[in-house]
Amino acid sequence: MLEFVLGMTGTRPIEVAAVILGFINVTLIIRRNIWNYPFGIAMVILYCKIFYDYRLYSDSLLQIYFLVIQFYGWWYWLRGRAADGRIIVARIVPAHAAFWLGGAIFGVGLLGTMMDRLTDADFPYWDGTIAVLSVIAQFLLSRRILENWIVWITVDLLAISLFWIKGLYPTSALYGIFLVLASIGLANWTRAWKRGEALN
């Protein structure tokens, strides 16, 4: 029993720290609190190293993108608030949704094939799907688009089992928490959008 508990909490301090930072980051995003970004920046730096060590190269490269988009999102959220300082939720335009869907299909095929043929990556298409959808979700989040939560829910469902199989138990558990939080985020942002409200 003790072995199972230690496995779930993690024996690597770097992974435990990344999990804690990730939980704080997503909790603040749900509240549309701009202070989510420092926690997100620290988290992605740690996960870049973790995923590289576990030969999940698509996810490791993804963290570099996340680092850049964290700064973009921080800037966009600062400049995209209403006069009263509250962050406003937007909806995706149908034409943009079709663009992102086509881009996801192309991106998964390209990244998965590259990782399969050019590296020793484990689960290159599965890992690639998580990476490509995460890129899209994070961009939509940085633009305060409500539908980012739908993409994140899909990512979380795919990631939970992949990370479990790879023995990243704390990270798998974190993505389970992310799944719950993304569902709450979708509900909260939907209510705010319907009311025409935005919360700090």
# chains A, B, ... in the order shown; residues from 1 in each chain; ligands from 1
$ select_by_dssp --residues "region 63-149 of chain A" --states "helix (DSSP H, G or I)" --output "PyMOL selection string"
chain A and resi 63-79+94-118+124-142+148-149
$ atom_distance --atom1 "CA of Asn33 (chain A)" --atom2 "CA of Val16 (chain A)"
23.2 Å
$ closest_residue --among "A:Leu46, A:Leu61, A:Leu78, A:Ala17" --to "Ser142 (chain A)" --atoms "only C-alpha atoms"
A:Leu78
$ residues_around --residues "Leu168 (chain A)" --least-positions-apart "4" --cutoff "12 Å" --atoms "only C-alpha atoms" --output "ChimeraX atom specification"
/A:7-12,14-16,18-19,47,50-51,53-56,159-164,172-175
$ closest_residue --among "A:Gly22, A:Gly107, A:Gly185, A:Pro170" --to "Asn148 (chain A)" --atoms "only C-alpha atoms"
A:Gly185
$ closest_residue --among "A:Tyr169, A:Arg32, A:Thr154, A:Ala131" --to "Ala192 (chain A)" --atoms "only C-alpha atoms"
A:Arg32
$ closest_residue --among "A:Trp149, A:Ile24, A:Tyr72, A:Gly80" --to "Ile92 (chain A)" --atoms "only C-alpha atoms"
A:Trp149
$ closest_residue --among "A:Gly73, A:Asp59, A:Leu67, A:Asn36" --to "Gly112 (chain A)" --atoms "only C-alpha atoms"
A:Asp59
$ closest_residue --among "A:Val93, A:Trp152, A:Asp127, A:Leu133" --to "Phe106 (chain A)" --atoms "only C-alpha atoms"
A:Leu133
$ select_by_dssp --residues "region 30-200 of chain A" --states "strand (DSSP E or B)" --output "ChimeraX atom specification"
/A:81,87,90,145
$ write_last_selection --atoms "C-alpha atoms" --output "compact mmCIF listing (two decimals), in the first residue's frame"
# COMPACT_ATOMS: atom_id res chain seq x y z
CA ARG A 81 -10.03 43.49 -20.42
CA ILE A 87 -11.73 39.71 -18.53
CA ALA A 90 -15.45 35.28 -26.43
CA ILE A 145 -12.25 31.70 -26.40
$ residues_around --residues "Gly109 (chain A)" --least-positions-apart "6" --cutoff "10 Å" --atoms "only C-alpha atoms" --output "number ranges by chain"
A: 103, 125, 128-129, 132
$ atom_distance --atom1 "CA of Tyr52 (chain A)" --atom2 "CA of Leu140 (chain A)"
25.4 Å
$ atom_distance --atom1 "CA of Ser183 (chain A)" --atom2 "CA of Leu110 (chain A)"
29.4 Å
$ decode --residues "region 132-159 of chain A" --atoms "C-alpha atoms" --output "CSV table (one decimal), in the first residue's frame"
chain,number,residue,atom,x,y,z
A,132,VAL,CA,-1.4,19.2,-31.4
A,133,LEU,CA,-4.7,19.6,-29.6
A,134,SER,CA,-2.8,21.2,-26.7
A,135,VAL,CA,-1.3,23.8,-29.1
A,136,ILE,CA,-4.8,24.6,-30.3
A,137,ALA,CA,-6.4,24.7,-26.8
A,138,GLN,CA,-3.7,26.9,-25.4
A,139,PHE,CA,-4.0,29.4,-28.3
A,140,LEU,CA,-7.8,29.5,-27.8
A,141,LEU,CA,-7.3,30.0,-24.1
A,142,SER,CA,-4.9,32.8,-24.6
A,143,ARG,CA,-7.6,34.5,-26.8
A,144,ARG,CA,-10.2,33.9,-24.0
A,145,ILE,CA,-12.2,31.7,-26.4
A,146,LEU,CA,-14.8,29.7,-24.5
A,147,GLU,CA,-14.4,26.6,-26.7
A,148,ASN,CA,-10.8,26.1,-25.4
A,149,TRP,CA,-12.3,24.0,-22.6
A,150,ILE,CA,-13.8,21.5,-25.0
A,151,VAL,CA,-10.4,21.0,-26.6
A,152,TRP,CA,-8.8,20.7,-23.1
A,153,ILE,CA,-11.3,18.1,-22.1
A,154,THR,CA,-10.3,16.0,-25.1
A,155,VAL,CA,-6.6,16.4,-24.3
A,156,ASP,CA,-7.1,15.4,-20.7
A,157,LEU,CA,-9.0,12.2,-21.7
A,158,LEU,CA,-6.1,11.2,-24.0
A,159,ALA,CA,-3.4,12.2,-21.6
